[in-house]
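Student: What follows is entry_10.csv, CSV, C-alpha atoms and all ligand atoms.
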```
chain,number,residue,atom,x,y,z
A,1,MET,CA,-18.1,-42.5,6.4
A,2,ARG,CA,-15.5,-45.1,6.4
A,3,TYR,CA,-12.6,-42.7,7.0
A,4,ALA,CA,-14.1,-40.8,9.9
A,5,VAL,CA,-12.9,-40.7,13.5
A,6,GLU,CA,-15.4,-39.6,16.2
A,7,PRO,CA,-14.6,-36.0,17.0
A,8,GLY,CA,-13.6,-35.2,20.6
A,9,LEU,CA,-10.8,-35.7,23.1
A,10,TYR,CA,-8.6,-38.8,23.1
A,11,SER,CA,-6.0,-39.9,25.7
A,12,LEU,CA,-2.7,-41.4,24.7
A,13,GLY,CA,-0.5,-43.2,27.2
A,14,GLU,CA,-0.8,-41.9,30.8
A,15,SER,CA,-2.0,-38.5,29.8
A,16,GLY,CA,-2.5,-36.1,32.7
A,17,VAL,CA,-2.8,-32.4,33.6
A,18,GLU,CA,0.7,-31.5,32.2
A,19,SER,CA,0.3,-33.5,29.0
A,20,ASP,CA,0.3,-31.7,25.6
A,21,ILE,CA,-2.8,-31.4,23.6
A,22,PHE,CA,-2.4,-32.1,19.9
A,23,VAL,CA,-5.2,-31.0,17.6
A,24,THR,CA,-6.1,-32.9,14.4
A,25,ALA,CA,-8.8,-33.6,11.9
A,26,ASN,CA,-11.3,-36.5,12.0
A,27,TYR,CA,-9.9,-37.9,8.8
A,28,LYS,CA,-8.8,-41.4,9.9
A,29,LEU,CA,-5.4,-41.2,8.1
A,30,SER,CA,-4.5,-37.9,9.8
A,31,PHE,CA,-5.5,-39.2,13.2
A,32,ASP,CA,-3.6,-42.5,12.7
A,33,ILE,CA,-0.4,-40.8,11.5
A,34,LEU,CA,-0.5,-38.4,14.5
A,35,ARG,CA,-1.2,-41.2,16.9
A,36,LYS,CA,1.7,-43.3,15.5
A,37,SER,CA,4.2,-40.4,15.7
A,38,LEU,CA,3.2,-39.7,19.3
A,39,LYS,CA,3.8,-43.3,20.3
A,40,GLY,CA,5.5,-43.4,23.7
A,41,LEU,CA,4.4,-39.9,24.7
A,42,ASN,CA,1.7,-39.1,27.2
A,43,ALA,CA,-0.6,-36.8,25.4
A,44,TRP,CA,-4.1,-35.7,24.5
A,45,ILE,CA,-5.5,-35.6,21.0
A,46,LEU,CA,-8.3,-33.2,20.3
A,47,VAL,CA,-10.1,-34.3,17.1
A,48,LEU,CA,-12.1,-31.7,15.2
A,49,ASP,CA,-15.0,-32.5,13.1
A,50,THR,CA,-13.8,-31.8,9.6
A,51,LYS,CA,-16.2,-34.2,7.8
A,52,SER,CA,-13.4,-36.7,7.5
A,53,ILE,CA,-11.2,-34.5,5.4
A,54,ASN,CA,-7.5,-34.0,6.1
A,55,VAL,CA,-6.2,-30.9,7.9
A,56,TRP,CA,-5.0,-28.9,5.0
A,57,CYS,CA,-8.0,-29.3,2.8
A,58,ALA,CA,-10.4,-28.8,5.7
A,59,ALA,CA,-8.5,-25.7,6.8
A,60,GLY,CA,-8.9,-24.4,3.3
A,61,LYS,CA,-12.7,-25.0,3.5
A,62,GLY,CA,-12.9,-23.6,7.0
A,63,THR,CA,-14.1,-26.7,8.7
A,64,PHE,CA,-10.7,-27.1,10.4
A,65,GLY,CA,-11.1,-23.5,11.7
A,66,THR,CA,-11.3,-21.1,14.6
A,67,ASP,CA,-14.9,-21.8,15.4
A,68,GLU,CA,-14.7,-25.5,15.4
A,69,LEU,CA,-11.6,-25.5,17.5
A,70,VAL,CA,-13.1,-23.1,20.1
A,71,LYS,CA,-16.2,-25.3,20.2
A,72,ARG,CA,-14.3,-28.5,20.8
A,73,VAL,CA,-12.0,-26.9,23.4
A,74,ASN,CA,-15.2,-25.9,25.3
A,75,GLU,CA,-17.0,-29.1,24.8
A,76,ALA,CA,-14.1,-31.2,26.1
A,77,GLN,CA,-13.7,-28.8,29.0
A,78,LEU,CA,-10.0,-28.7,28.5
A,79,ASP,CA,-9.5,-26.1,31.2
A,80,LYS,CA,-10.6,-28.7,33.7
A,81,ILE,CA,-8.5,-31.5,32.2
A,82,VAL,CA,-5.1,-29.8,31.9
A,83,SER,CA,-3.3,-27.2,34.0
A,84,HIS,CA,-1.5,-25.5,31.1
A,85,LYS,CA,-2.7,-23.4,28.2
A,86,ARG,CA,-1.0,-24.9,25.2
A,87,LEU,CA,-2.7,-26.3,22.1
A,88,ILE,CA,-0.5,-27.7,19.4
A,89,VAL,CA,-2.1,-27.3,16.1
A,90,PRO,CA,-0.6,-28.6,12.8
A,91,GLN,CA,0.9,-25.7,11.0
A,92,LEU,CA,-1.2,-26.3,7.9
A,93,GLY,CA,-4.2,-25.7,10.1
A,94,ALA,CA,-3.2,-22.0,10.2
A,95,VAL,CA,-5.0,-21.6,6.9
A,96,GLY,CA,-8.3,-21.9,8.9
A,97,VAL,CA,-7.3,-21.2,12.5
A,98,ASN,CA,-6.7,-17.7,13.8
A,99,ALA,CA,-4.5,-18.2,16.8
A,100,MET,CA,-5.3,-14.9,18.4
A,101,ALA,CA,-9.0,-15.4,18.1
A,102,VAL,CA,-8.8,-18.8,19.7
A,103,GLN,CA,-6.8,-17.4,22.6
A,104,ARG,CA,-9.3,-14.6,23.1
A,105,GLN,CA,-12.2,-17.0,23.2
A,106,THR,CA,-10.7,-19.9,25.2
A,107,GLY,CA,-7.6,-18.7,26.9
A,108,PHE,CA,-5.6,-21.4,25.2
A,109,ARG,CA,-2.5,-20.4,23.2
A,110,VAL,CA,-2.2,-21.9,19.8
A,111,HIS,CA,1.2,-23.2,18.9
A,112,PHE,CA,1.6,-24.1,15.3
A,113,GLY,CA,3.5,-27.4,15.3
A,114,PRO,CA,5.4,-29.0,12.4
A,115,VAL,CA,3.7,-29.5,9.0
A,116,TYR,CA,4.3,-33.2,9.2
A,117,ALA,CA,3.3,-35.3,12.2
A,118,LYS,CA,6.5,-37.3,11.9
A,119,ASP,CA,8.4,-34.2,13.1
A,120,VAL,CA,6.4,-33.9,16.2
A,121,PRO,CA,8.7,-35.8,18.6
A,122,ALA,CA,11.7,-33.7,17.4
A,123,TYR,CA,9.6,-30.6,17.8
A,124,VAL,CA,8.6,-31.5,21.4
A,125,ASN,CA,12.2,-32.5,22.3
A,126,ALA,CA,13.5,-29.2,20.9
A,127,ASN,CA,11.3,-27.4,23.4
A,128,TYR,CA,8.5,-26.6,21.0
A,129,LYS,CA,10.8,-25.1,18.5
A,130,LYS,CA,10.3,-25.7,14.8
A,131,SER,CA,13.3,-25.9,12.5
A,132,ASP,CA,12.9,-24.1,9.2
A,133,GLU,CA,12.7,-27.5,7.6
A,134,MET,CA,9.7,-28.5,9.6
A,135,ARG,CA,7.8,-25.5,8.3
A,136,LEU,CA,8.0,-26.3,4.7
A,137,VAL,CA,5.5,-28.4,2.8
A,138,LYS,CA,7.1,-30.9,0.4
A,139,PHE,CA,5.9,-32.4,-2.8
A,140,THR,CA,8.1,-35.3,-3.7
A,141,MET,CA,7.9,-37.6,-6.7
A,142,LEU,CA,6.4,-40.3,-4.5
A,143,ASP,CA,3.8,-37.8,-3.2
A,144,ARG,CA,2.9,-37.0,-6.8
A,145,LEU,CA,2.9,-40.7,-7.8
A,146,ILE,CA,0.4,-41.5,-5.1
A,147,LEU,CA,-1.9,-38.8,-6.3
A,148,THR,CA,-2.0,-40.0,-9.9
A,149,PRO,CA,-4.9,-42.5,-9.5
A,150,MET,CA,-7.0,-39.6,-8.4
A,151,GLU,CA,-6.1,-37.9,-11.7
A,152,ILE,CA,-6.6,-40.9,-13.9
A,153,ASN,CA,-10.0,-41.9,-12.4
A,154,PRO,CA,-12.0,-38.8,-13.3
A,155,SER,CA,-10.6,-38.9,-16.8
A,156,MET,CA,-11.4,-42.6,-17.3
A,157,LYS,CA,-14.9,-41.9,-16.2
A,158,LYS,CA,-15.3,-39.5,-19.1
A,159,PHE,CA,-13.7,-41.9,-21.5
A,160,PRO,CA,-16.7,-44.1,-22.4
A,161,LEU,CA,-18.6,-40.9,-23.5
A,162,PHE,CA,-15.6,-39.9,-25.6
A,163,ALA,CA,-15.4,-43.5,-27.0
A,164,LEU,CA,-19.1,-43.4,-27.9
A,165,ILE,CA,-18.8,-40.2,-29.8
A,166,VAL,CA,-15.7,-41.4,-31.7
A,167,LEU,CA,-17.4,-44.6,-32.7
A,168,ILE,CA,-20.5,-42.9,-33.9
A,169,ILE,CA,-18.6,-40.4,-35.9
A,170,PHE,CA,-16.5,-43.1,-37.6
A,171,GLY,CA,-19.4,-45.6,-38.0
A,172,LEU,CA,-21.7,-43.1,-39.5
A,173,GLN,CA,-22.3,-43.9,-43.1
A,174,PRO,CA,-25.0,-42.8,-45.5
A,175,SER,CA,-26.6,-46.2,-45.1
A,176,GLY,CA,-26.6,-46.0,-41.3
A,177,ILE,CA,-24.0,-46.8,-38.5
A,178,MET,CA,-21.6,-49.4,-39.7
A,179,PHE,CA,-20.0,-51.3,-36.8
A,180,LYS,CA,-17.0,-52.4,-38.8
A,181,ASP,CA,-16.1,-48.8,-39.9
A,182,ALA,CA,-16.7,-47.5,-36.4
A,183,TRP,CA,-14.2,-50.0,-35.1
A,184,SER,CA,-11.5,-49.7,-37.7
A,185,GLY,CA,-11.7,-45.9,-38.0
A,186,GLY,CA,-12.3,-45.2,-34.4
A,187,LEU,CA,-9.8,-47.5,-32.7
A,188,PRO,CA,-6.7,-45.4,-33.3
A,189,PHE,CA,-8.6,-42.4,-31.8
A,190,LEU,CA,-9.5,-44.4,-28.7
A,191,GLY,CA,-5.8,-45.3,-28.4
A,192,LEU,CA,-4.9,-41.7,-28.7
A,193,GLY,CA,-7.5,-40.8,-26.1
A,194,LEU,CA,-6.0,-43.3,-23.6
A,195,ALA,CA,-2.5,-41.9,-24.4
A,196,ALA,CA,-3.7,-38.4,-23.7
A,197,ILE,CA,-5.0,-39.5,-20.3
A,198,PHE,CA,-1.7,-41.2,-19.6
A,199,SER,CA,0.4,-38.2,-20.5
A,200,GLY,CA,-1.9,-35.7,-18.7
A,201,ALA,CA,-2.8,-37.6,-15.6
A,202,PHE,CA,0.3,-39.7,-15.0
A,203,ILE,CA,3.4,-38.5,-16.9
A,204,THR,CA,2.9,-34.8,-16.2
A,205,PRO,CA,2.2,-35.1,-12.5
A,206,VAL,CA,5.0,-37.6,-11.8
A,207,PHE,CA,7.7,-35.7,-13.9
A,208,LEU,CA,6.3,-32.3,-13.1
A,209,PRO,CA,9.4,-30.3,-12.2
A,210,PHE,CA,11.4,-31.9,-15.1
A,211,ILE,CA,8.9,-30.8,-17.8
A,212,PRO,CA,9.7,-27.3,-19.2
A,213,PHE,CA,7.6,-24.3,-18.4
A,214,ARG,CA,5.7,-23.4,-15.3
A,215,SER,CA,2.3,-23.5,-16.7
A,216,PHE,CA,0.5,-26.8,-16.1
A,217,ALA,CA,-1.4,-26.4,-19.4
A,218,ILE,CA,1.8,-26.1,-21.3
A,219,LYS,CA,3.4,-29.0,-19.5
A,220,GLY,CA,0.5,-31.2,-20.3
A,221,TRP,CA,0.5,-30.1,-23.9
A,222,ILE,CA,4.2,-31.0,-24.2
A,223,THR,CA,3.8,-34.5,-22.8
A,224,GLY,CA,0.6,-34.8,-24.9
A,225,ILE,CA,2.3,-33.9,-28.1
A,226,LEU,CA,5.1,-36.4,-27.4
A,227,ALA,CA,2.5,-39.1,-26.6
A,228,ALA,CA,0.6,-38.3,-29.8
A,229,PHE,CA,3.7,-38.4,-31.9
A,230,THR,CA,4.8,-41.7,-30.5
A,231,LEU,CA,1.4,-43.3,-31.1
A,232,MET,CA,0.5,-41.8,-34.4
A,233,ARG,CA,3.4,-43.6,-36.1
A,234,ALA,CA,1.7,-46.8,-35.4
A,235,PHE,CA,-1.5,-45.9,-37.3
A,236,GLU,CA,-2.2,-45.0,-40.9
A,237,PHE,CA,-4.1,-41.8,-41.0
A,238,SER,CA,-5.2,-39.7,-43.9
A,239,LEU,CA,-4.5,-36.0,-43.7
A,240,LEU,CA,-7.5,-34.5,-42.0
A,241,PRO,CA,-8.0,-37.1,-39.2
A,242,ALA,CA,-4.2,-36.8,-38.6
A,243,ALA,CA,-4.5,-33.0,-38.3
A,244,ALA,CA,-7.5,-33.3,-36.0
A,245,SER,CA,-5.6,-35.8,-33.8
A,246,TYR,CA,-2.6,-33.6,-33.5
A,247,ILE,CA,-4.8,-30.7,-32.6
A,248,PHE,CA,-7.1,-32.4,-30.2
A,249,PHE,CA,-5.1,-34.9,-28.2
A,250,PRO,CA,-2.3,-32.8,-26.9
A,251,LEU,CA,-4.9,-30.3,-25.8
A,252,ALA,CA,-6.8,-33.0,-24.0
A,253,SER,CA,-3.6,-33.9,-22.2
A,254,SER,CA,-3.1,-30.3,-21.4
A,255,TYR,CA,-6.6,-30.0,-19.9
A,256,ILE,CA,-6.1,-33.1,-17.8
A,257,ALA,CA,-2.7,-31.9,-16.6
A,258,LEU,CA,-4.3,-28.6,-15.6
A,259,GLN,CA,-6.6,-30.5,-13.3
A,260,PHE,CA,-3.6,-31.6,-11.2
A,261,THR,CA,-3.4,-28.1,-9.9
A,262,GLY,CA,-6.1,-29.2,-7.5
A,263,SER,CA,-3.8,-31.7,-5.9
A,264,THR,CA,-0.5,-29.9,-5.7
A,265,THR,CA,0.9,-28.1,-2.7
A,266,PHE,CA,2.1,-25.0,-4.4
A,267,THR,CA,-0.3,-23.7,-7.0
A,268,GLY,CA,-2.2,-20.6,-6.1
A,269,MET,CA,-5.6,-19.4,-7.2
A,270,SER,CA,-4.4,-16.3,-9.2
A,271,GLY,CA,-2.0,-18.5,-11.2
A,272,VAL,CA,-4.6,-21.1,-12.0
A,273,ARG,CA,-7.1,-18.4,-12.9
A,274,LYS,CA,-4.5,-16.9,-15.3
A,275,GLU,CA,-3.9,-20.2,-17.0
A,276,LEU,CA,-7.6,-20.9,-17.4
A,277,LYS,CA,-8.3,-17.5,-18.9
A,278,ILE,CA,-6.0,-18.3,-21.8
A,279,ALA,CA,-6.4,-22.1,-21.9
A,280,LEU,CA,-10.2,-22.5,-21.8
A,281,PRO,CA,-10.9,-20.5,-25.0
A,282,VAL,CA,-8.0,-22.3,-26.7
A,283,TYR,CA,-9.5,-25.7,-25.7
A,284,LEU,CA,-12.9,-24.8,-26.9
A,285,ILE,CA,-11.9,-23.3,-30.2
A,286,PHE,CA,-9.5,-26.0,-31.2
A,287,THR,CA,-11.8,-28.8,-30.1
A,288,ALA,CA,-14.4,-27.3,-32.4
A,289,LEU,CA,-11.8,-27.1,-35.2
A,290,SER,CA,-10.8,-30.7,-34.9
A,291,VAL,CA,-14.4,-31.8,-35.0
A,292,ILE,CA,-14.9,-29.7,-38.1
A,293,LEU,CA,-11.9,-31.3,-39.7
A,294,LEU,CA,-13.3,-34.8,-39.0
A,295,ILE,CA,-16.7,-33.8,-40.4
A,296,THR,CA,-15.0,-32.4,-43.5
A,297,ASP,CA,-13.2,-35.6,-43.9
A,298,LYS,CA,-16.4,-37.6,-43.6
A,299,LEU,CA,-18.2,-35.4,-46.1
A,300,SER,CA,-15.4,-35.8,-48.7
A,301,GLN,CA,-15.5,-39.5,-48.2
A,302,TRP,CA,-19.2,-39.4,-49.1
A,303,ASN,CA,-18.4,-37.3,-52.1
A,304,VAL,CA,-20.6,-34.5,-50.7
A,305,ILE,CA,-17.7,-32.0,-51.1
B,1,MET,CA,8.6,-25.8,-6.7
B,2,LYS,CA,7.6,-22.5,-8.1
B,3,TYR,CA,4.4,-21.9,-10.0
B,4,LEU,CA,3.7,-18.9,-12.3
B,5,LEU,CA,5.7,-15.7,-11.6
B,6,ASN,CA,4.3,-12.4,-10.6
B,7,VAL,CA,0.7,-13.6,-10.1
B,8,THR,CA,0.2,-13.8,-6.3
B,9,SER,CA,-2.2,-11.4,-4.8
B,10,LEU,CA,0.0,-11.2,-1.6
B,11,GLU,CA,0.5,-7.7,-0.2
B,12,PHE,CA,2.6,-6.7,2.7
B,13,PHE,CA,2.5,-3.4,4.6
B,14,PRO,CA,5.8,-3.1,6.5
B,15,GLU,CA,4.7,0.0,8.4
B,16,LYS,CA,2.1,-2.1,10.2
B,17,CYS,CA,4.4,-5.0,11.0
B,18,THR,CA,5.5,-5.3,14.7
B,19,GLY,CA,7.9,-8.2,14.0
B,20,CYS,CA,6.0,-10.8,15.9
B,21,GLY,CA,7.1,-13.5,13.5
B,22,ARG,CA,3.8,-15.3,13.2
B,23,CYS,CA,3.8,-15.1,9.4
B,24,VAL,CA,7.2,-16.8,9.2
B,25,ASP,CA,5.9,-19.4,11.5
B,26,VAL,CA,2.8,-20.3,9.5
B,27,CYS,CA,3.9,-20.0,5.9
B,28,PRO,CA,4.4,-23.5,4.4
B,29,HIS,CA,6.5,-22.1,1.6
B,30,GLY,CA,9.0,-19.9,3.4
B,31,VAL,CA,7.7,-16.7,1.7
B,32,PHE,CA,8.5,-14.5,4.7
B,33,ALA,CA,11.7,-14.1,6.7
B,34,MET,CA,12.7,-11.9,9.7
B,35,ARG,CA,15.2,-9.1,9.0
B,36,ASP,CA,16.1,-6.5,11.6
B,37,LYS,CA,13.1,-7.5,13.8
B,38,ARG,CA,10.6,-7.0,11.0
B,39,ALA,CA,9.0,-9.4,8.5
B,40,MET,CA,10.1,-9.3,4.9
B,41,ILE,CA,8.9,-11.0,1.8
B,42,THR,CA,11.8,-13.0,0.5
B,43,GLY,CA,10.1,-15.4,-1.9
B,44,LYS,CA,7.0,-13.9,-3.3
B,45,ASP,CA,6.6,-16.3,-6.2
B,46,LEU,CA,6.6,-19.2,-3.8
B,47,CYS,CA,3.3,-18.0,-2.4
B,48,MET,CA,0.3,-20.3,-3.0
B,49,GLU,CA,-2.3,-17.9,-1.6
B,50,CYS,CA,-3.3,-20.2,1.3
B,51,GLY,CA,-4.1,-17.2,3.5
B,52,ALA,CA,-2.5,-18.5,6.7
B,53,CYS,CA,-0.2,-15.5,7.1
B,54,ALA,CA,-2.9,-12.9,6.6
B,55,LEU,CA,-5.4,-14.7,8.9
B,56,ASN,CA,-2.8,-14.9,11.7
B,57,CYS,CA,-1.2,-11.5,11.4
B,58,GLU,CA,-3.0,-9.6,14.2
B,59,PHE,CA,-1.8,-6.3,13.0
B,60,GLY,CA,-3.2,-6.4,9.5
B,61,ALA,CA,0.1,-6.1,7.8
B,62,ILE,CA,-0.6,-8.8,5.3
B,63,LYS,CA,-3.4,-9.0,2.7
B,64,VAL,CA,-3.9,-11.9,0.3
B,65,ASP,CA,-6.8,-13.0,-1.8
B,66,ALA,CA,-6.8,-16.6,-0.4
B,67,GLY,CA,-8.4,-19.4,-2.3
B,68,VAL,CA,-7.9,-22.8,-3.8
B,69,GLY,CA,-5.5,-23.1,-6.7
B,70,CYS,CA,-7.5,-25.8,-8.3
B,71,ALA,CA,-8.6,-25.8,-11.9
B,72,ALA,CA,-11.7,-27.9,-11.4
B,73,ALA,CA,-12.9,-25.6,-8.6
B,74,LEU,CA,-12.4,-22.5,-10.7
B,75,ILE,CA,-14.1,-24.0,-13.8
B,76,ASN,CA,-17.0,-25.0,-11.6
B,77,SER,CA,-17.3,-21.4,-10.3
B,78,ILE,CA,-17.2,-20.1,-13.9
B,79,ILE,CA,-20.0,-22.5,-14.8
B,80,THR,CA,-22.2,-22.0,-11.7
B,81,GLY,CA,-21.3,-18.4,-11.0
B,82,GLY,CA,-20.6,-19.4,-7.4
B,83,PRO,CA,-17.4,-19.1,-5.4
B,84,PRO,CA,-14.6,-21.6,-6.3
B,85,SER,CA,-15.0,-24.4,-3.9
B,86,CYS,CA,-13.4,-27.8,-4.2
B,87,ASP,CA,-16.2,-30.0,-3.3
B,88,CYS,CA,-15.3,-33.0,-5.4
B,89,GLY,CA,-18.1,-34.7,-3.5
B,90,GLY,CA,-18.5,-38.1,-2.1
B,91,THR,CA,-17.3,-39.6,1.1
B,92,THR,CA,-14.1,-41.0,-0.4
B,93,GLY,CA,-13.0,-37.6,-1.6
B,94,SER,CA,-11.0,-37.1,1.6
B,95,ASP,CA,-7.8,-36.5,-0.2
B,96,CYS,CA,-9.2,-34.1,-2.5
B,97,CYS,CA,-8.8,-30.4,-2.0
C,401,LIG,S1,2.6,-11.6,11.5
C,401,LIG,FE1,2.3,-9.5,10.9
C,401,LIG,S2,3.1,-8.3,12.5
C,401,LIG,FE2,3.9,-10.4,12.8
C,401,LIG,S3,5.9,-10.4,11.8
C,401,LIG,FE3,4.4,-11.1,10.2
C,401,LIG,S4,3.7,-9.2,9.2
C,401,LIG,FE4,4.8,-8.5,11.0
C,402,LIG,S1,-0.6,-16.9,1.6
C,402,LIG,FE1,0.2,-18.8,2.4
C,402,LIG,S2,1.9,-19.3,1.0
C,402,LIG,FE2,1.4,-17.1,0.7
C,402,LIG,S3,2.8,-16.1,2.0
C,402,LIG,FE3,0.9,-16.4,3.2
C,402,LIG,S4,1.2,-18.3,4.3
C,402,LIG,FE4,2.8,-18.2,2.7
```
Can the structure in the file be given as C-alpha cells, please?
Tutor:
Amino acid sequence: MRYAVEPGLYSLGESGVESDIFVTANYKLSFDILRKSLKGLNAWILVLDTKSINVWCAAGKGTFGTDELVKRVNEAQLDKIVSHKRLIVPQLGAVGVNAMAVQRQTGFRVHFGPVYAKDVPAYVNANYKKSDEMRLVKFTMLDRLILTPMEINPSMKKFPLFALIVLIIFGLQPSGIMFKDAWSGGLPFLGLGLAAIFSGAFITPVFLPFIPFRSFAIKGWITGILAAFTLMRAFEFSLLPAAASYIFFPLASSYIALQFTGSTTFTGMSGVRKELKIALPVYLIFTALSVILLITDKLSQWNVI
Amino acid sequence: MKYLLNVTSLEFFPEKCTGCGRCVDVCPHGVFAMRDKRAMITGKDLCMECGACALNCEFGAIKVDAGVGCAAALINSIITGGPPSCDCGGTTGSDCC
C-alpha cells in the first residue's frame, strides 16, 4: 500500500508530557497535511489504522472509530507518555468516534478539532476554540475539479464495451459484419458517448451549483442534452438513430452525474435513494427503447419491415 | 450547497436535550445551533446523514439513519442485497468514499 503510514505514535519537534496529541488516519496525504500544518509545534501524532483511507471516508466505514482509537491509545500507553488527558480528533472523525465512549474506556477526553488541518494552529492559539467557520466542510470548484478524474476513469473503463456494442450494431449486415459500415455508422455514436462522459463526469461536477435543479440526475441530464444537441449538429442522422441518440445519451450523462454523489460532501443517503428510485427505472426503460429504435432502423434498412 | 429538500431522516427530541452543545460541535454542515441553552435544528435540509451528531449525543436526543450518500454504493446494495458500502476496491481508492 503505497499511501499508507505505519499506525502508531509519532513525535513532532520536542514533544513532551504537556504536548498535544493529534489523531489522524494512516492515509499518507492526511498524515502529511497534518504534519505540515503542525510545523513548529511540539506535538504527538497518533495514527490510526484506517487501511490508508482518509479520515472522513474511514470514519464513515467505521475504521476510524471508537474501537480503533481506544486500541491505539492503549497500545501507545499514552497515559505514561503525557500528563494531560486531551486527544484532538479531526471533527470529521466524529462520524466514527463516540467521544464519551472513548473517555469511559481510556480516561482521555476527545476534543473535536477543526475540519481542516490547516486551521489547527489557529484553533490551538484560540485556546482550543473552534470558530463556526472551522466546523463547516467546504466543496469549492477546485475541490470538485480535482475529483473529476475519479469520475471520468470509471466511465472510460466502460467505454470500450459500449464502443464494441455500437460497432457491432452498425456493422451488422445480412452478409455479415461490415467493417466500413460499422465505422461510418458507429462513429457519431462513439463521439456522442464521449460527450456524455464529458458532460456527466466533468461539466456537471465542476459547475454543480450553477446547473439548475437539486437532483444530480436532472443536472446530468441537462448538461447531457446540451452536449448531445451541440454534437448532433455535426452529424447527419436519419430519424430513428437521431431519436435514439437524443433519448440515450442525455440519460447516460445523467447516470454518470449521479455517480458524483459518492464524492460530494453534502449528499445524504435518503436523497440519493430517492433519486435512484425514480431514475433507475427511467434509465432501464429508455435505454431499452433506444435499442429498439436502432433495431427498427436496422430492420427497415434491410427491408424486413 | 443543499441537496434534495425534506428527505433527511434526521430526528430531534428536544425534551431529551441537555444543551451540552456536542451536536453543534460535530456537525460539518451547521444543521444545529444553540438557542436558550438547548440545541435546535436550524438547517435541516443541509443534513447529509453522516451520523456524527447522533453518535455523539449522549442523551439520545438525536436519531438519524446514517449512511453513505453515494449512488454506486446504493446500486451495489440493490444488486447484491447487502448493506450499502462504498468499497470501490483497490489500494488506490483512498480518496473514494
Ligand atoms: S448533543 Fe444532544 S444533548 Fe447535547 S446539545 Fe445536542 S441534542 Fe442536546
Ligand atoms: S447527521 Fe451529520 S450532517 Fe446531519 S445533522 Fe447530524 S452531524 Fe449534521
Student: For chain B, report every residue with an atom at most 9 Å from chain A (counting all atoms listed in the file), formatted as a count of residues only.
Tutor: 49
Student: What does the distance between CA of Leu231 in chain A and CA of Ala163 in chain A come to in Å, to one decimal place?
Tutor: 17.3 Å
Student: Skip Ala288 in chain A itself and residues of its chain fewer than 4 positions away, then list as number ranges by chain all residues within 12 Å of it, counting all atoms listed in the file.
Tutor: A: 244, 247-248, 251, 281-284, 292-295
Student: Taking all atoms listed in the file into account, which residues have an atom no farther than 9 Å from ligand LIG 401 (chain C)? I'd like them as a compact mmCIF listing (two decimals) with C-alpha atoms, in the frame of the given file.
Tutor:
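Written output follows (part.txt):
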```txt
# COMPACT_ATOMS: atom_id res chain seq x y z
CA PHE B 12 2.60 -6.70 2.70
CA PHE B 13 2.50 -3.40 4.60
CA PRO B 14 5.80 -3.10 6.50
CA GLU B 15 4.70 0.00 8.40
CA LYS B 16 2.10 -2.10 10.20
CA CYS B 17 4.40 -5.00 11.00
CA THR B 18 5.50 -5.30 14.70
CA GLY B 19 7.90 -8.20 14.00
CA CYS B 20 6.00 -10.80 15.90
CA GLY B 21 7.10 -13.50 13.50
CA ARG B 22 3.80 -15.30 13.20
CA CYS B 23 3.80 -15.10 9.40
CA VAL B 24 7.20 -16.80 9.20
CA ASP B 25 5.90 -19.40 11.50
CA VAL B 26 2.80 -20.30 9.50
CA PHE B 32 8.50 -14.50 4.70
CA ALA B 33 11.70 -14.10 6.70
CA MET B 34 12.70 -11.90 9.70
CA LYS B 37 13.10 -7.50 13.80
CA ARG B 38 10.60 -7.00 11.00
CA ALA B 39 9.00 -9.40 8.50
CA MET B 40 10.10 -9.30 4.90
CA CYS B 53 -0.20 -15.50 7.10
CA ALA B 54 -2.90 -12.90 6.60
CA LEU B 55 -5.40 -14.70 8.90
CA ASN B 56 -2.80 -14.90 11.70
CA CYS B 57 -1.20 -11.50 11.40
CA GLU B 58 -3.00 -9.60 14.20
CA PHE B 59 -1.80 -6.30 13.00
CA GLY B 60 -3.20 -6.40 9.50
CA ALA B 61 0.10 -6.10 7.80
CA ILE B 62 -0.60 -8.80 5.30
```
Student: Can you work out the spacing between CA of Ile21 in chain A and CA of Ser83 in chain A in Å, to one decimal?
Tutor: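 These atoms are spaced 11.2 Å apart.
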Student: Which value, in Å to one decimal, gives the distance between CA of Phe202 in chain A and CA of Ile165 in chain A?
Tutor: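 These two atoms are separated by 24.2 Å.
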Student: Hey, what's within 12 Å of Phe210 in chain A if we count all atoms listed in the file and toss same-chain stuff fewer than 6 positions away? As an MDAnalysis selection string, please?
Tutor: (chainID A and resid 141 203:204 219 222:223) or (chainID B and resid 1)
Student: Counting all atoms listed in the file, what is within 10 Å of Leu41 in chain A, bar same-chain residues fewer than 2 positions away, as number ranges by chain?
Tutor: A: 12-15, 19-20, 35, 37-39, 43-44, 121, 124
Student: Ligand LIG 402 (chain C), all listed atoms, 6 Å padding on each side: what axis-aligned box centre and edge lengths in Å to one decimal come out, as AutoDock Vina command-line options?
Tutor:
```
--center_x 1.1 --center_y -17.7 --center_z 2.5 --size_x 15.4 --size_y 15.2 --size_z 15.6
```
Student: May I ask which of the residues A:Ala279, A:Tyr10, A:Pro174, A:Ala243 is the closest one to Trp302 in chain A, counting only C-alpha atoms?
Tutor: A:Pro174
